[in-house]
Amino acid sequence: MEYQTLEKTDTFCLYQAFRKAFSDYQVPVDMPYEAFETNLKRNGYMPGMSVGTFEHGELTGIVLNGVRYWKGEKTIYDLGTGVIPAFRKRGITKNMLNMVQTICQDNGISRYQLEVIQENTAAVDLYKKQGFQVMRSLNCYMTERSERKSDESRQWQIFPSKALTPEQWVCVKSFWDYLPSWQNSMDSVCAIADSFACILAEISGKLIGYGMINKATGDVVQLAVKSEYRRLGVATDIMWYLQEQTGSHKIKMLNIDERDEALNMFLKQSGFRVFVKQYEMEKKL
């Protein structure tokens, strides 16, 4: 068994190992190759900070990592750790994570972050033994696409936008009650900006709410309304218009901070259901 970083491993080989490693995952992971490539770019994938295990030239285990500044610290983010079923229970994941920690120390990285499904108790226990701590609980929602209802009485204007300007980003951040997860962060959205459609809500030219949806997958990555304009129907309006920007029949909103009472309540009242819960875990290096 040989452990190496992944600079010399092509993306399609990573994709094949990823599919095999997650073939029996609690939540089905069956993305096409193009979506896998996009996901790597979205999350800041760095092959030199990622690790694989090889046996007779076959990639049998992976730790795929991205690196960015997060909360002011240089942070490594686990965007996929798995071992092909036939090679499990050999301590491979533990060894790969130990190798990643050494790489982090050599590169001045002070935080290691990941998300794990709460029901995956074996993985949660492994990460805790590795020194990770639960930072927050995240809810993942899903619903069926619905048709927009007309509301001629609204006081705000709704219109699409290709992307947010730097000034608009500064504005919408003030609408957040809690920081988006890594994959829904501003950096992740901007990394693949063409994948998203954006809907803005304004009153007299003043931005009061916005939402972003992945045009291919139907994932709503961000949705927020300025506090004084909530419970008026702004978010509902934005959500209806967002659904028109995707061909997906399923609409999802992943990794919503459980403490965000306003957003969680809105999603449940809008017909979304929680289909999985995750922990955001972190280790100081």
# chains A, B, ... in the order shown; residues from 1 in each chain; ligands from 1
$ residues_around --residues "Asn264 in chain A" --least-positions-apart "4" --cutoff "12 Å" --atoms "only C-alpha atoms" --output "PyMOL selection string"
chain A and resi 138-141+177-178+223-224+253-260+268-274
$ residues_around --residues "Thr81 in chain A" --least-positions-apart "3" --cutoff "10 Å" --atoms "only C-alpha atoms" --output "VMD selection string"
chain A and resid 18 21 to 22 50 to 52 61 to 65 78 93 96 to 97 114 116 123
$ residues_around --residues "range 161-171 of chain A" --least-positions-apart "4" --cutoff "7 Å" --atoms "only C-alpha atoms" --output "PyMOL selection string"
chain A and resi 193+197-200
$ residues_around --residues "Glu282 in chain A" --least-positions-apart "4" --cutoff "9 Å" --atoms "only C-alpha atoms" --output "list in words"
Arg111, Tyr112, Gln113, Leu114, Glu115, Gly131, Phe132, Gln133, Val134 and Met135 of chain A
$ residues_around --residues "Thr121 in chain A" --least-positions-apart "5" --cutoff "12 Å" --atoms "only C-alpha atoms" --output "JSON, numbers by chain"
{"A": [26, 116, 126, 127, 128, 278, 279]}
$ write_last_selection --atoms "C-alpha atoms" --output "JSON list (two decimals), in the first residue's frame"
[["chain", "number", "residue", "atom", "x", "y", "z"],
["A", 26, "GLN", "CA", -26.09, 6.94, 3.02],
["A", 116, "VAL", "CA", -20.11, 14.54, 7.83],
["A", 126, "LEU", "CA", -13.21, 8.44, 13.55],
["A", 127, "TYR", "CA", -13.00, 12.20, 13.10],
["A", 128, "LYS", "CA", -13.44, 12.79, 16.83],
["A", 278, "GLN", "CA", -24.75, 16.99, 8.86],
["A", 279, "TYR", "CA", -22.12, 18.12, 11.35]]
$ select_by_dssp --residues "range 115-195 of chain A" --states "strand (DSSP E or B)" --output "JSON, numbers by chain"
{"A": [115, 116, 117, 133, 134, 135, 136, 137, 138, 139, 140, 141, 142, 143, 144, 157, 158, 159, 160, 161]}
$ write_last_selection --atoms "N, CA and C atoms" --output "short mmCIF file (atom, residue, chain, number, x, y, z; two decimals), in the first residue's frame"
data_model
loop_
_atom_site.label_atom_id
_atom_site.label_comp_id
_atom_site.auth_asym_id
_atom_site.auth_seq_id
_atom_site.Cartn_x
_atom_site.Cartn_y
_atom_site.Cartn_z
N GLU A 115 -17.44 18.28 6.58
CA GLU A 115 -18.82 18.00 6.96
C GLU A 115 -19.02 16.50 6.89
N VAL A 116 -19.85 15.97 7.78
CA VAL A 116 -20.11 14.54 7.83
C VAL A 116 -21.58 14.32 8.20
N ILE A 117 -22.20 13.34 7.56
CA ILE A 117 -23.58 13.01 7.87
C ILE A 117 -23.69 12.53 9.32
N GLN A 133 -13.71 18.50 16.24
CA GLN A 133 -14.81 18.85 17.13
C GLN A 133 -16.02 19.31 16.31
N VAL A 134 -17.21 19.01 16.79
CA VAL A 134 -18.43 19.48 16.12
C VAL A 134 -18.59 20.97 16.37
N MET A 135 -18.70 21.73 15.28
CA MET A 135 -18.84 23.18 15.39
C MET A 135 -20.31 23.62 15.29
N ARG A 136 -21.07 22.93 14.42
CA ARG A 136 -22.49 23.26 14.28
C ARG A 136 -23.20 22.14 13.53
N SER A 137 -24.52 22.11 13.66
CA SER A 137 -25.36 21.17 12.93
C SER A 137 -25.94 21.86 11.71
N LEU A 138 -26.01 21.12 10.60
CA LEU A 138 -26.48 21.67 9.33
C LEU A 138 -27.63 20.83 8.80
N ASN A 139 -28.71 21.48 8.38
CA ASN A 139 -29.86 20.79 7.81
C ASN A 139 -29.83 20.87 6.29
N CYS A 140 -30.16 19.75 5.65
CA CYS A 140 -30.24 19.69 4.19
C CYS A 140 -31.69 19.47 3.79
N TYR A 141 -32.23 20.37 2.96
CA TYR A 141 -33.65 20.37 2.61
C TYR A 141 -33.87 20.01 1.14
N MET A 142 -35.08 19.50 0.88
CA MET A 142 -35.48 19.16 -0.48
C MET A 142 -36.98 19.37 -0.64
N THR A 143 -37.39 19.73 -1.85
CA THR A 143 -38.80 19.81 -2.18
C THR A 143 -38.97 19.59 -3.68
N GLU A 144 -40.22 19.47 -4.12
CA GLU A 144 -40.50 19.36 -5.53
C GLU A 144 -40.69 20.77 -6.11
N GLN A 157 -39.57 44.95 -6.46
CA GLN A 157 -39.35 44.49 -7.82
C GLN A 157 -38.41 43.28 -7.80
N ILE A 158 -38.71 42.29 -8.63
CA ILE A 158 -37.91 41.09 -8.75
C ILE A 158 -37.29 41.04 -10.14
N PHE A 159 -35.99 40.83 -10.22
CA PHE A 159 -35.39 40.71 -11.54
C PHE A 159 -34.11 39.86 -11.46
N PRO A 160 -33.74 39.24 -12.57
CA PRO A 160 -32.55 38.39 -12.58
C PRO A 160 -31.27 39.20 -12.73
N SER A 161 -30.18 38.60 -12.31
CA SER A 161 -28.86 39.21 -12.45
C SER A 161 -27.85 38.11 -12.75
#
$ select_by_dssp --residues "range 76-167 of chain A" --states "alpha helix (DSSP H)" --output "list of chain:residue names"
A:Ile92, A:Thr93, A:Lys94, A:Asn95, A:Met96, A:Leu97, A:Asn98, A:Met99, A:Val100, A:Gln101, A:Thr102, A:Ile103, A:Cys104, A:Gln105, A:Asp106, A:Thr121, A:Ala122, A:Ala123, A:Val124, A:Asp125, A:Leu126, A:Tyr127, A:Lys128, A:Lys129, A:Pro166, A:Glu167
$ write_last_selection --atoms "N, CA, C and O atoms" --output "mmCIF file, in the first residue's frame"
data_model
loop_
_atom_site.group_PDB
_atom_site.id
_atom_site.type_symbol
_atom_site.label_atom_id
_atom_site.label_comp_id
_atom_site.auth_asym_id
_atom_site.auth_seq_id
_atom_site.Cartn_x
_atom_site.Cartn_y
_atom_site.Cartn_z
ATOM 1 N N ILE A 92 -6.791 2.675 6.562
ATOM 2 C CA ILE A 92 -6.350 3.538 5.463
ATOM 3 C C ILE A 92 -6.770 4.991 5.684
ATOM 4 O O ILE A 92 -5.963 5.913 5.497
ATOM 5 N N THR A 93 -8.033 5.209 6.074
ATOM 6 C CA THR A 93 -8.505 6.587 6.270
ATOM 7 C C THR A 93 -7.687 7.294 7.346
ATOM 8 O O THR A 93 -7.265 8.446 7.170
ATOM 9 N N LYS A 94 -7.434 6.609 8.442
ATOM 10 C CA LYS A 94 -6.627 7.198 9.520
ATOM 11 C C LYS A 94 -5.245 7.575 9.017
ATOM 12 O O LYS A 94 -4.741 8.667 9.299
ATOM 13 N N ASN A 95 -4.625 6.699 8.251
ATOM 14 C CA ASN A 95 -3.277 6.973 7.736
ATOM 15 C C ASN A 95 -3.284 8.147 6.761
ATOM 16 O O ASN A 95 -2.362 8.986 6.768
ATOM 17 N N MET A 96 -4.309 8.212 5.911
ATOM 18 C CA MET A 96 -4.392 9.335 4.967
ATOM 19 C C MET A 96 -4.574 10.653 5.707
ATOM 20 O O MET A 96 -3.948 11.664 5.359
ATOM 21 N N LEU A 97 -5.429 10.669 6.728
ATOM 22 C CA LEU A 97 -5.651 11.896 7.484
ATOM 23 C C LEU A 97 -4.390 12.326 8.229
ATOM 24 O O LEU A 97 -4.101 13.525 8.342
ATOM 25 N N ASN A 98 -3.629 11.367 8.726
ATOM 26 C CA ASN A 98 -2.355 11.699 9.383
ATOM 27 C C ASN A 98 -1.388 12.330 8.391
ATOM 28 O O ASN A 98 -0.653 13.275 8.725
ATOM 29 N N MET A 99 -1.376 11.816 7.167
ATOM 30 C CA MET A 99 -0.507 12.382 6.131
ATOM 31 C C MET A 99 -0.947 13.798 5.774
ATOM 32 O O MET A 99 -0.100 14.694 5.598
ATOM 33 N N VAL A 100 -2.255 14.014 5.688
ATOM 34 C CA VAL A 100 -2.767 15.354 5.401
ATOM 35 C C VAL A 100 -2.345 16.326 6.497
ATOM 36 O O VAL A 100 -1.955 17.468 6.224
ATOM 37 N N GLN A 101 -2.394 15.898 7.748
ATOM 38 C CA GLN A 101 -2.009 16.779 8.852
ATOM 39 C C GLN A 101 -0.555 17.199 8.722
ATOM 40 O O GLN A 101 -0.209 18.364 8.962
ATOM 41 N N THR A 102 0.308 16.284 8.341
ATOM 42 C CA THR A 102 1.720 16.619 8.142
ATOM 43 C C THR A 102 1.878 17.637 7.021
ATOM 44 O O THR A 102 2.643 18.601 7.132
ATOM 45 N N ILE A 103 1.142 17.438 5.927
ATOM 46 C CA ILE A 103 1.176 18.381 4.803
ATOM 47 C C ILE A 103 0.721 19.764 5.260
ATOM 48 O O ILE A 103 1.313 20.785 4.893
ATOM 49 N N CYS A 104 -0.332 19.806 6.070
ATOM 50 C CA CYS A 104 -0.847 21.081 6.583
ATOM 51 C C CYS A 104 0.210 21.808 7.419
ATOM 52 O O CYS A 104 0.420 23.017 7.272
ATOM 53 N N GLN A 105 0.852 21.075 8.284
ATOM 54 C CA GLN A 105 1.880 21.674 9.140
ATOM 55 C C GLN A 105 3.033 22.233 8.319
ATOM 56 O O GLN A 105 3.611 23.272 8.656
ATOM 57 N N ASP A 106 3.366 21.555 7.220
ATOM 58 C CA ASP A 106 4.451 22.012 6.355
ATOM 59 C C ASP A 106 4.062 23.219 5.514
ATOM 60 O O ASP A 106 4.933 23.890 4.946
ATOM 61 N N THR A 121 -22.210 7.330 12.062
ATOM 62 C CA THR A 121 -21.549 7.381 13.374
ATOM 63 C C THR A 121 -20.114 6.878 13.331
ATOM 64 O O THR A 121 -19.261 7.366 14.086
ATOM 65 N N ALA A 122 -19.818 5.931 12.432
ATOM 66 C CA ALA A 122 -18.447 5.421 12.331
ATOM 67 C C ALA A 122 -17.504 6.537 11.895
ATOM 68 O O ALA A 122 -16.399 6.696 12.450
ATOM 69 N N ALA A 123 -17.935 7.333 10.907
ATOM 70 C CA ALA A 123 -17.107 8.438 10.432
ATOM 71 C C ALA A 123 -17.002 9.532 11.492
ATOM 72 O O ALA A 123 -15.920 10.092 11.726
ATOM 73 N N VAL A 124 -18.118 9.844 12.152
ATOM 74 C CA VAL A 124 -18.101 10.871 13.205
ATOM 75 C C VAL A 124 -17.115 10.470 14.312
ATOM 76 O O VAL A 124 -16.299 11.283 14.765
ATOM 77 N N ASP A 125 -17.180 9.212 14.732
ATOM 78 C CA ASP A 125 -16.284 8.735 15.788
ATOM 79 C C ASP A 125 -14.825 8.778 15.339
ATOM 80 O O ASP A 125 -13.927 9.137 16.119
ATOM 81 N N LEU A 126 -14.586 8.405 14.073
ATOM 82 C CA LEU A 126 -13.212 8.440 13.552
ATOM 83 C C LEU A 126 -12.669 9.859 13.588
ATOM 84 O O LEU A 126 -11.536 10.088 14.045
ATOM 85 N N TYR A 127 -13.467 10.818 13.124
ATOM 86 C CA TYR A 127 -12.999 12.204 13.102
ATOM 87 C C TYR A 127 -12.775 12.739 14.515
ATOM 88 O O TYR A 127 -11.825 13.485 14.765
ATOM 89 N N LYS A 128 -13.635 12.348 15.444
ATOM 90 C CA LYS A 128 -13.440 12.789 16.831
ATOM 91 C C LYS A 128 -12.138 12.234 17.398
ATOM 92 O O LYS A 128 -11.400 12.936 18.108
ATOM 93 N N LYS A 129 -11.831 10.979 17.075
ATOM 94 C CA LYS A 129 -10.568 10.381 17.531
ATOM 95 C C LYS A 129 -9.365 11.079 16.908
ATOM 96 O O LYS A 129 -8.271 11.081 17.474
ATOM 97 N N PRO A 166 -19.126 43.476 -6.577
ATOM 98 C CA PRO A 166 -18.487 43.547 -5.254
ATOM 99 C C PRO A 166 -19.293 44.370 -4.247
ATOM 100 O O PRO A 166 -19.383 44.013 -3.066
ATOM 101 N N GLU A 167 -19.890 45.470 -4.718
ATOM 102 C CA GLU A 167 -20.694 46.298 -3.812
ATOM 103 C C GLU A 167 -21.938 45.550 -3.338
ATOM 104 O O GLU A 167 -22.341 45.656 -2.163
#
$ closest_residue --among "A:Leu232, A:Ile109, A:Ile203, A:Val221" --to "Cys190 in chain A" --atoms "only C-alpha atoms"
A:Val221
$ atom_distance --atom1 "CA of Thr75 in chain A" --atom2 "CA of Tyr15 in chain A"
23.7 Å
$ closest_residue --among "A:Glu280, A:Glu228, A:Glu202, A:Glu147" --to "Leu242 in chain A" --atoms "only C-alpha atoms"
A:Glu147
$ residues_around --residues "Asp24 in chain A" --least-positions-apart "3" --cutoff "12 Å" --atoms "only C-alpha atoms" --output "MDAnalysis selection string"
chainID A and resid 18:21 27:30 82:86 120
$ atom_distance --atom1 "CA of Pro32 in chain A" --atom2 "CA of Lys252 in chain A"
18.0 Å
